[in-house]
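Here is the structure we will look at.
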Amino acid sequence: DDYQASRGRYDSMSYRRCGTSGLDLPAISLGLWHNFGDDVPLDRQRAILRRAFDCGVTHFDLANNYGPPYGSAERNFGAIFAQDFRRYRDELILSTKAGYDMWPGPYGQGGGSRKYLLASLDQSLQRMGVDYVDIFYSHRFDETTPLEETLGALDTAVRQGKALYVGISSYSGQRTREAIEILRRLGTPLLIHQPSYSMLNRWVEDDLLDVLGVNGVGCIAFSPLAQGMLTDKYLKGVPEGSRAAQGKSLDPKLLTEDALKHVRALNRIAKTRGQSLAQLALAWVLRDARVTSALIGASSVQQLEGSLGALDNLDFADDELKKIDRHAVE
Ligand code: NDP
């Protein structure tokens with residue numbers, strides 16, 4: 001069936017400026033790390049992507065090795081994009097990354113070489129069936145490669161017209177400072193940093209958010225729901241089909257009685273705000289103006305809609321924040 005995007009797609013989303021750039025991102029963006037590989041029916045993937053775009057989610061985040069198998073999330077996205085979204089290309093921000101192992105041999109094993117990054121981007125464009133991505137990321141810092149080489153490759157991608165902007169992911173505060181400096185010299189300013197951030201995982205508060213804020217670099221927070229831990233789904237055990245049950249990236253060993261005690265307390269705070277725990281968790285990462293967007297995953301349309309409901313209440317009283325700190329960190 002032919003897809004017509006909803007006319008009201010821009011009515012309820014809010015858009016936030018990415019650092020001091022000219023680019024706006026939706027407050028909530030959708031990532032395709034899980035749930036878009038060949039292990040999931042294409043119809044479900046299509047339904048999630050359509051609903052997201054219909055709700056104003058203009059940003060989809062990918063990487064070369066999202067799947068399983070590696071590359072399949074980009075390929076599946078490409079198939080859906082070709083049918084549903086091609087005519088909306090200029091309403092979309094698409095990103096991809098290279099940094100983890102991808103293909104055999106010394107040039108595809110990840111890291112930050114110029115050879116790997118530029119070859120990987122060409123492969124990604126082909127799988128997605130697009131001429132360019134909006135953002136190309138170095139997926140992780142590689143201490144065995146000069147930062148100048150890695151960032152020089154990002155700069156080249158922009159000059160080749162294969163990416164409009166560049167980003168880095170999971171770089172420390174210090175490495176981010178260096179990257180900002182090098183990219184400035186190259187004439188391709190760092191648009192955005194993609195770190196993990198949630199009520200349960202606050203490493204970015206040490207110094208990274210300050211580095212980004214001072215330098216006008218945007219921030220998109222990944223796994224803001226702590227891969228599902230900050231939702232109500234594990235309160236009564238590990239449900240079948242969930243990420244923890246499937247032996248994927250969420251280790252069920254993390255779901256200790258102690259951790260669940262925190263989660264239950266946070267769930268009660270969410271209730272007093274008239275929100276679900278997932279909605280509280282998303283509103284919480286967005287409380288800091290330096291966080292441009294919360295980058296969620298969803299395995300169903302229903303989850304996606306639930307998470308988007310966070311936008312109905314993004315405000316916090318000081319004592320709510322204090323209470324969250326008391327219950328979320330020991
Ligand atoms: P989240 O923390 O949002 O976790 C998403 C998972 O939580 C879903 O798959 C689902 O689990 C569960 N969930 C989501 N919404 C709800 C809800 N309303 N109620 C109950 N459960 C819910 O983020 P992800 O870990 O998926 O990461 C998001 C994106 O961030 C990725 O797709 C990727 O784009 C990016 N990312 C980047 C990384 C990097 O190194 N740069 C690393 C990791 C992620 P279930 O499947 O069990 O239903």
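In the structure tokens, each chain is lettered A, B, ... as it comes, each chain's residues begin at 1, and ligands are numbered from 1 in order of appearance.
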Selection: 12 Å around A:Phe36, only C-alpha atoms, excl. self and same-chain fewer than 6 positions, as a PDB file with N, CA and C atoms, in the first residue's frame:
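Below you can see selection.pdb, which holds the result:
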ATOM      1  N   LEU A  30      14.836   8.207  16.574  1.00  0.00           N
ATOM      2  CA  LEU A  30      14.701   6.747  16.591  1.00  0.00           C
ATOM      3  C   LEU A  30      15.968   6.074  16.054  1.00  0.00           C
ATOM      4  N   LEU A  42       9.746  -7.410   8.128  1.00  0.00           N
ATOM      5  CA  LEU A  42       9.854  -6.081   7.526  1.00  0.00           C
ATOM      6  C   LEU A  42       8.596  -5.243   7.766  1.00  0.00           C
ATOM      7  N   ASP A  43       7.459  -5.903   7.852  1.00  0.00           N
ATOM      8  CA  ASP A  43       6.210  -5.161   8.078  1.00  0.00           C
ATOM      9  C   ASP A  43       6.205  -4.425   9.408  1.00  0.00           C
ATOM     10  N   ARG A  44       6.784  -5.079  10.431  1.00  0.00           N
ATOM     11  CA  ARG A  44       6.834  -4.409  11.741  1.00  0.00           C
ATOM     12  C   ARG A  44       7.800  -3.218  11.686  1.00  0.00           C
ATOM     13  N   GLN A  45       8.918  -3.427  11.004  1.00  0.00           N
ATOM     14  CA  GLN A  45       9.882  -2.335  10.859  1.00  0.00           C
ATOM     15  C   GLN A  45       9.232  -1.145  10.144  1.00  0.00           C
ATOM     16  N   ARG A  46       8.534  -1.467   9.078  1.00  0.00           N
ATOM     17  CA  ARG A  46       7.878  -0.417   8.289  1.00  0.00           C
ATOM     18  C   ARG A  46       6.855   0.347   9.125  1.00  0.00           C
ATOM     19  N   ALA A  47       6.085  -0.403   9.921  1.00  0.00           N
ATOM     20  CA  ALA A  47       5.042   0.234  10.737  1.00  0.00           C
ATOM     21  C   ALA A  47       5.670   1.194  11.757  1.00  0.00           C
ATOM     22  N   ILE A  48       6.789   0.780  12.346  1.00  0.00           N
ATOM     23  CA  ILE A  48       7.446   1.636  13.345  1.00  0.00           C
ATOM     24  C   ILE A  48       7.986   2.905  12.673  1.00  0.00           C
ATOM     25  N   LEU A  49       8.635   2.739  11.526  1.00  0.00           N
ATOM     26  CA  LEU A  49       9.218   3.901  10.839  1.00  0.00           C
ATOM     27  C   LEU A  49       8.124   4.868  10.365  1.00  0.00           C
ATOM     28  N   PHE A  60      16.483   9.404  11.905  1.00  0.00           N
ATOM     29  CA  PHE A  60      16.716   7.968  12.069  1.00  0.00           C
ATOM     30  C   PHE A  60      18.222   7.727  12.125  1.00  0.00           C
ATOM     31  N   ASP A  61      18.645   6.987  13.140  1.00  0.00           N
ATOM     32  CA  ASP A  61      20.078   6.765  13.381  1.00  0.00           C
ATOM     33  C   ASP A  61      20.461   5.317  13.088  1.00  0.00           C
ATOM     34  N   LEU A  62      21.472   5.134  12.246  1.00  0.00           N
ATOM     35  CA  LEU A  62      21.934   3.789  11.897  1.00  0.00           C
ATOM     36  C   LEU A  62      23.439   3.664  12.096  1.00  0.00           C
ATOM     37  N   ALA A  63      23.967   2.470  11.841  1.00  0.00           N
ATOM     38  CA  ALA A  63      25.411   2.250  11.788  1.00  0.00           C
ATOM     39  C   ALA A  63      25.657   1.086  10.843  1.00  0.00           C
ATOM     40  N   ASN A  65      27.078  -1.725  11.149  1.00  0.00           N
ATOM     41  CA  ASN A  65      26.919  -3.114  11.596  1.00  0.00           C
ATOM     42  C   ASN A  65      25.614  -3.392  12.337  1.00  0.00           C
ATOM     43  N   TYR A  66      24.639  -2.491  12.281  1.00  0.00           N
ATOM     44  CA  TYR A  66      23.358  -2.785  12.923  1.00  0.00           C
ATOM     45  C   TYR A  66      22.654  -3.906  12.155  1.00  0.00           C
ATOM     46  N   GLY A  67      22.030  -4.804  12.920  1.00  0.00           N
ATOM     47  CA  GLY A  67      21.373  -5.966  12.337  1.00  0.00           C
ATOM     48  C   GLY A  67      20.712  -6.775  13.429  1.00  0.00           C
ATOM     49  N   PRO A  68      20.876  -8.055  13.477  1.00  0.00           N
ATOM     50  CA  PRO A  68      21.783  -8.922  12.716  1.00  0.00           C
ATOM     51  C   PRO A  68      21.161  -9.377  11.392  1.00  0.00           C
ATOM     52  N   PRO A  69      22.010  -9.813  10.437  1.00  0.00           N
ATOM     53  CA  PRO A  69      23.463  -9.712  10.455  1.00  0.00           C
ATOM     54  C   PRO A  69      23.918  -8.279  10.166  1.00  0.00           C
ATOM     55  N   TYR A  70      25.205  -8.044  10.350  1.00  0.00           N
ATOM     56  CA  TYR A  70      25.775  -6.725  10.065  1.00  0.00           C
ATOM     57  C   TYR A  70      25.279  -6.215   8.713  1.00  0.00           C
ATOM     58  N   GLY A  71      24.938  -4.964   8.666  1.00  0.00           N
ATOM     59  CA  GLY A  71      24.524  -4.349   7.399  1.00  0.00           C
ATOM     60  C   GLY A  71      23.037  -4.479   7.118  1.00  0.00           C
ATOM     61  N   SER A  72      22.365  -5.399   7.809  1.00  0.00           N
ATOM     62  CA  SER A  72      20.968  -5.649   7.423  1.00  0.00           C
ATOM     63  C   SER A  72      20.030  -4.517   7.847  1.00  0.00           C
ATOM     64  N   ALA A  73      20.326  -3.825   8.931  1.00  0.00           N
ATOM     65  CA  ALA A  73      19.449  -2.709   9.318  1.00  0.00           C
ATOM     66  C   ALA A  73      19.494  -1.627   8.238  1.00  0.00           C
ATOM     67  N   GLU A  74      20.694  -1.339   7.734  1.00  0.00           N
ATOM     68  CA  GLU A  74      20.782  -0.347   6.650  1.00  0.00           C
ATOM     69  C   GLU A  74      20.068  -0.846   5.401  1.00  0.00           C
ATOM     70  N   ARG A  75      20.211  -2.144   5.101  1.00  0.00           N
ATOM     71  CA  ARG A  75      19.568  -2.684   3.907  1.00  0.00           C
ATOM     72  C   ARG A  75      18.045  -2.662   4.052  1.00  0.00           C
ATOM     73  N   ASN A  76      17.556  -3.074   5.208  1.00  0.00           N
ATOM     74  CA  ASN A  76      16.102  -3.062   5.424  1.00  0.00           C
ATOM     75  C   ASN A  76      15.564  -1.641   5.415  1.00  0.00           C
ATOM     76  N   PHE A  77      16.300  -0.743   6.075  1.00  0.00           N
ATOM     77  CA  PHE A  77      15.884   0.657   6.032  1.00  0.00           C
ATOM     78  C   PHE A  77      15.833   1.139   4.589  1.00  0.00           C
ATOM     79  N   GLY A  78      16.857   0.777   3.810  1.00  0.00           N
ATOM     80  CA  GLY A  78      16.923   1.200   2.409  1.00  0.00           C
ATOM     81  C   GLY A  78      15.712   0.736   1.619  1.00  0.00           C
ATOM     82  N   ALA A  79      15.289  -0.504   1.884  1.00  0.00           N
ATOM     83  CA  ALA A  79      14.133  -1.045   1.160  1.00  0.00           C
ATOM     84  C   ALA A  79      12.877  -0.251   1.507  1.00  0.00           C
ATOM     85  N   ILE A  80      12.715   0.042   2.791  1.00  0.00           N
ATOM     86  CA  ILE A  80      11.523   0.798   3.229  1.00  0.00           C
ATOM     87  C   ILE A  80      11.611   2.244   2.751  1.00  0.00           C
ATOM     88  N   GLY A 297      15.152   3.354  21.185  1.00  0.00           N
ATOM     89  CA  GLY A 297      14.835   2.188  20.382  1.00  0.00           C
ATOM     90  C   GLY A 297      13.399   1.801  20.673  1.00  0.00           C
ATOM     91  N   ALA A 298      12.775   1.043  19.760  1.00  0.00           N
ATOM     92  CA  ALA A 298      11.419   0.568  19.984  1.00  0.00           C
ATOM     93  C   ALA A 298      11.226  -0.733  19.220  1.00  0.00           C
ATOM     94  N   SER A 299      10.629  -1.721  19.889  1.00  0.00           N
ATOM     95  CA  SER A 299      10.367  -2.989  19.198  1.00  0.00           C
ATOM     96  C   SER A 299       8.917  -3.088  18.756  1.00  0.00           C
ATOM     97  N   SER A 300       8.124  -2.041  19.003  1.00  0.00           N
ATOM     98  CA  SER A 300       6.735  -2.025  18.520  1.00  0.00           C
ATOM     99  C   SER A 300       6.258  -0.585  18.372  1.00  0.00           C
TER     100      SER A 300
END
With only C-alpha atoms and all ligand atoms counted and 6 Å as the cut-off, give the residues of chain A in contact with ligand 1, each with its shortest interatomic distance in Å and the pair that gives it, as JSON lines.
{"residue": "A:Gly31", "atom": "CA", "partner": "ligand 1", "partner_atom_place_in_ligand_line": "32 (O)", "distance": 3.1}
{"residue": "A:Leu32", "atom": "CA", "partner": "ligand 1", "partner_atom_place_in_ligand_line": "32 (O)", "distance": 4.1}
{"residue": "A:Trp33", "atom": "CA", "partner": "ligand 1", "partner_atom_place_in_ligand_line": "32 (O)", "distance": 3.7}
{"residue": "A:His34", "atom": "CA", "partner": "ligand 1", "partner_atom_place_in_ligand_line": "32 (O)", "distance": 5.9}
{"residue": "A:Asp61", "atom": "CA", "partner": "ligand 1", "partner_atom_place_in_ligand_line": "34 (O)", "distance": 4.7}
{"residue": "A:Leu62", "atom": "CA", "partner": "ligand 1", "partner_atom_place_in_ligand_line": "34 (O)", "distance": 5.5}
{"residue": "A:His139", "atom": "CA", "partner": "ligand 1", "partner_atom_place_in_ligand_line": "41 (N)", "distance": 5.8}
{"residue": "A:Ser169", "atom": "CA", "partner": "ligand 1", "partner_atom_place_in_ligand_line": "41 (N)", "distance": 5.1}
{"residue": "A:Gln194", "atom": "CA", "partner": "ligand 1", "partner_atom_place_in_ligand_line": "41 (N)", "distance": 5.7}
{"residue": "A:Phe222", "atom": "CA", "partner": "ligand 1", "partner_atom_place_in_ligand_line": "30 (O)", "distance": 4.0}
{"residue": "A:Ser223", "atom": "CA", "partner": "ligand 1", "partner_atom_place_in_ligand_line": "2 (O)", "distance": 3.1}
{"residue": "A:Pro224", "atom": "CA", "partner": "ligand 1", "partner_atom_place_in_ligand_line": "2 (O)", "distance": 4.4}
{"residue": "A:Leu225", "atom": "CA", "partner": "ligand 1", "partner_atom_place_in_ligand_line": "2 (O)", "distance": 3.3}
{"residue": "A:Ala226", "atom": "CA", "partner": "ligand 1", "partner_atom_place_in_ligand_line": "2 (O)", "distance": 4.1}
{"residue": "A:Gln227", "atom": "CA", "partner": "ligand 1", "partner_atom_place_in_ligand_line": "4 (O)", "distance": 3.3}
{"residue": "A:Gly228", "atom": "CA", "partner": "ligand 1", "partner_atom_place_in_ligand_line": "7 (O)", "distance": 3.3}
{"residue": "A:Thr231", "atom": "CA", "partner": "ligand 1", "partner_atom_place_in_ligand_line": "20 (C)", "distance": 4.9}
{"residue": "A:Asp232", "atom": "CA", "partner": "ligand 1", "partner_atom_place_in_ligand_line": "20 (C)", "distance": 5.9}
{"residue": "A:Lys233", "atom": "CA", "partner": "ligand 1", "partner_atom_place_in_ligand_line": "20 (C)", "distance": 5.2}
{"residue": "A:Ser242", "atom": "CA", "partner": "ligand 1", "partner_atom_place_in_ligand_line": "47 (O)", "distance": 3.3}
{"residue": "A:Arg243", "atom": "CA", "partner": "ligand 1", "partner_atom_place_in_ligand_line": "47 (O)", "distance": 3.7}
{"residue": "A:Ala278", "atom": "CA", "partner": "ligand 1", "partner_atom_place_in_ligand_line": "18 (N)", "distance": 5.5}
{"residue": "A:Leu295", "atom": "CA", "partner": "ligand 1", "partner_atom_place_in_ligand_line": "30 (O)", "distance": 5.1}
{"residue": "A:Ile296", "atom": "CA", "partner": "ligand 1", "partner_atom_place_in_ligand_line": "3 (O)", "distance": 3.5}
{"residue": "A:Gly297", "atom": "CA", "partner": "ligand 1", "partner_atom_place_in_ligand_line": "26 (O)", "distance": 3.5}
{"residue": "A:Ala298", "atom": "CA", "partner": "ligand 1", "partner_atom_place_in_ligand_line": "8 (C)", "distance": 4.3}
{"residue": "A:Ser299", "atom": "CA", "partner": "ligand 1", "partner_atom_place_in_ligand_line": "46 (O)", "distance": 4.8}
{"residue": "A:Gln303", "atom": "CA", "partner": "ligand 1", "partner_atom_place_in_ligand_line": "18 (N)", "distance": 3.8}
{"residue": "A:Gly306", "atom": "CA", "partner": "ligand 1", "partner_atom_place_in_ligand_line": "18 (N)", "distance": 4.7}
{"residue": "A:Ser307", "atom": "CA", "partner": "ligand 1", "partner_atom_place_in_ligand_line": "18 (N)", "distance": 4.8}
Resulting file, chosen residues, C-alpha atoms, as a JSON list (two decimals), in the first residue's frame:
[["chain", "number", "residue", "atom", "x", "y", "z"],
["A", 31, "GLY", "CA", 17.67, 4.35, 16.43],
["A", 32, "LEU", "CA", 17.82, 1.14, 14.40],
["A", 33, "TRP", "CA", 20.42, -0.78, 16.42],
["A", 34, "HIS", "CA", 18.00, -3.55, 17.39],
["A", 61, "ASP", "CA", 20.08, 6.76, 13.38],
["A", 62, "LEU", "CA", 21.93, 3.79, 11.90],
["A", 139, "HIS", "CA", 31.57, 5.31, 16.22],
["A", 169, "SER", "CA", 30.35, 8.76, 19.53],
["A", 194, "GLN", "CA", 26.51, 10.66, 20.65],
["A", 222, "PHE", "CA", 21.67, 6.95, 23.30],
["A", 223, "SER", "CA", 19.99, 4.24, 25.42],
["A", 224, "PRO", "CA", 18.09, 6.81, 27.51],
["A", 225, "LEU", "CA", 15.82, 3.96, 28.67],
["A", 226, "ALA", "CA", 18.90, 1.94, 29.69],
["A", 227, "GLN", "CA", 17.89, -0.59, 27.00],
["A", 228, "GLY", "CA", 14.50, -1.11, 28.62],
["A", 231, "THR", "CA", 10.56, 1.08, 31.67],
["A", 232, "ASP", "CA", 8.00, -1.01, 33.46],
["A", 233, "LYS", "CA", 8.86, -4.12, 31.45],
["A", 242, "SER", "CA", 12.46, -8.90, 25.54],
["A", 243, "ARG", "CA", 16.02, -7.79, 24.89],
["A", 278, "ALA", "CA", 9.86, 5.41, 30.12],
["A", 295, "LEU", "CA", 17.78, 8.55, 20.91],
["A", 296, "ILE", "CA", 15.41, 5.70, 21.64],
["A", 297, "GLY", "CA", 14.83, 2.19, 20.38],
["A", 298, "ALA", "CA", 11.42, 0.57, 19.98],
["A", 299, "SER", "CA", 10.37, -2.99, 19.20],
["A", 303, "GLN", "CA", 6.41, 1.34, 22.62],
["A", 306, "GLY", "CA", 4.43, 5.41, 24.70],
["A", 307, "SER", "CA", 7.87, 6.98, 24.57]]
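A straight line drawn from atom CA of A:Gly105 to atom CA of A:Ser124 is 18.1 Å long.
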Open item on the list: Residues of stretch 11-234 of chain A classed as strand (DSSP E) by DSSP on the backbone are to be reported as a PyMOL selection string.
Closed with: chain A and resi 15-17+24-26+28-31+59-61+93-98+133-138+163-169+190-194+218-222
Task: Shell of 12 Å around A:His262, only C-alpha atoms, local chain residues under 2 positions omitted, as an NGL selection string - done: :A and (199-200 or 229-231 or 235 or 255-260 or 264-269 or 277 or 323-330)
Task: Residue among A:Met128, A:Cys18, A:Ala163, A:Ala5 lying closest to A:Tyr88, counting only C-alpha atoms - done: A:Ala5
Write out as a short mmCIF file (atom, residue, chain, number, x, y, z; two decimals) with C-alpha atoms, in the first residue's frame each polymer residue whose atoms come within 12 Å of A:Asp288, counting only C-alpha atoms; drop sequence neighbours fewer than 6 positions from it.
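As written to disk, result.cif reads:
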data_model
loop_
_atom_site.label_atom_id
_atom_site.label_comp_id
_atom_site.auth_asym_id
_atom_site.auth_seq_id
_atom_site.Cartn_x
_atom_site.Cartn_y
_atom_site.Cartn_z
CA ARG A 16 15.80 21.58 19.36
CA ALA A 27 13.51 16.01 20.84
CA TYR A 197 23.13 8.80 29.01
CA SER A 198 20.30 7.89 31.35
CA VAL A 204 28.68 12.46 30.58
CA GLU A 205 28.10 14.70 33.59
CA LEU A 209 28.47 17.90 28.70
CA ASP A 210 30.52 20.92 29.73
CA GLY A 213 28.10 23.16 25.93
CA GLY A 218 25.09 19.20 20.11
CA CYS A 219 24.43 16.00 22.02
CA ILE A 220 22.18 13.04 21.23
CA ALA A 221 21.82 10.65 24.16
CA LEU A 282 13.16 10.55 28.45
CA ALA A 294 16.97 11.50 23.19
CA LEU A 314 9.16 17.80 30.16
CA ASP A 315 9.25 20.08 33.22
CA PHE A 316 10.76 19.20 36.58
CA LEU A 321 15.11 16.05 40.52
#
Task: Spatial neighbours of A:Phe141, max dist 10 Å, only C-alpha atoms, sep filter under 5 positions, as a PyMOL selection string - done: chain A and resi 99+111-112+146-147+150+168-172+175-176+179
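Neighbouring residues of A:Glu91 at 10 Å or closer, counting only C-alpha atoms and skipping chain neighbours under 5 positions away, are A:Phe53, A:Gly56, A:Val57, A:Thr58, A:His59, A:Phe85, A:Arg86.
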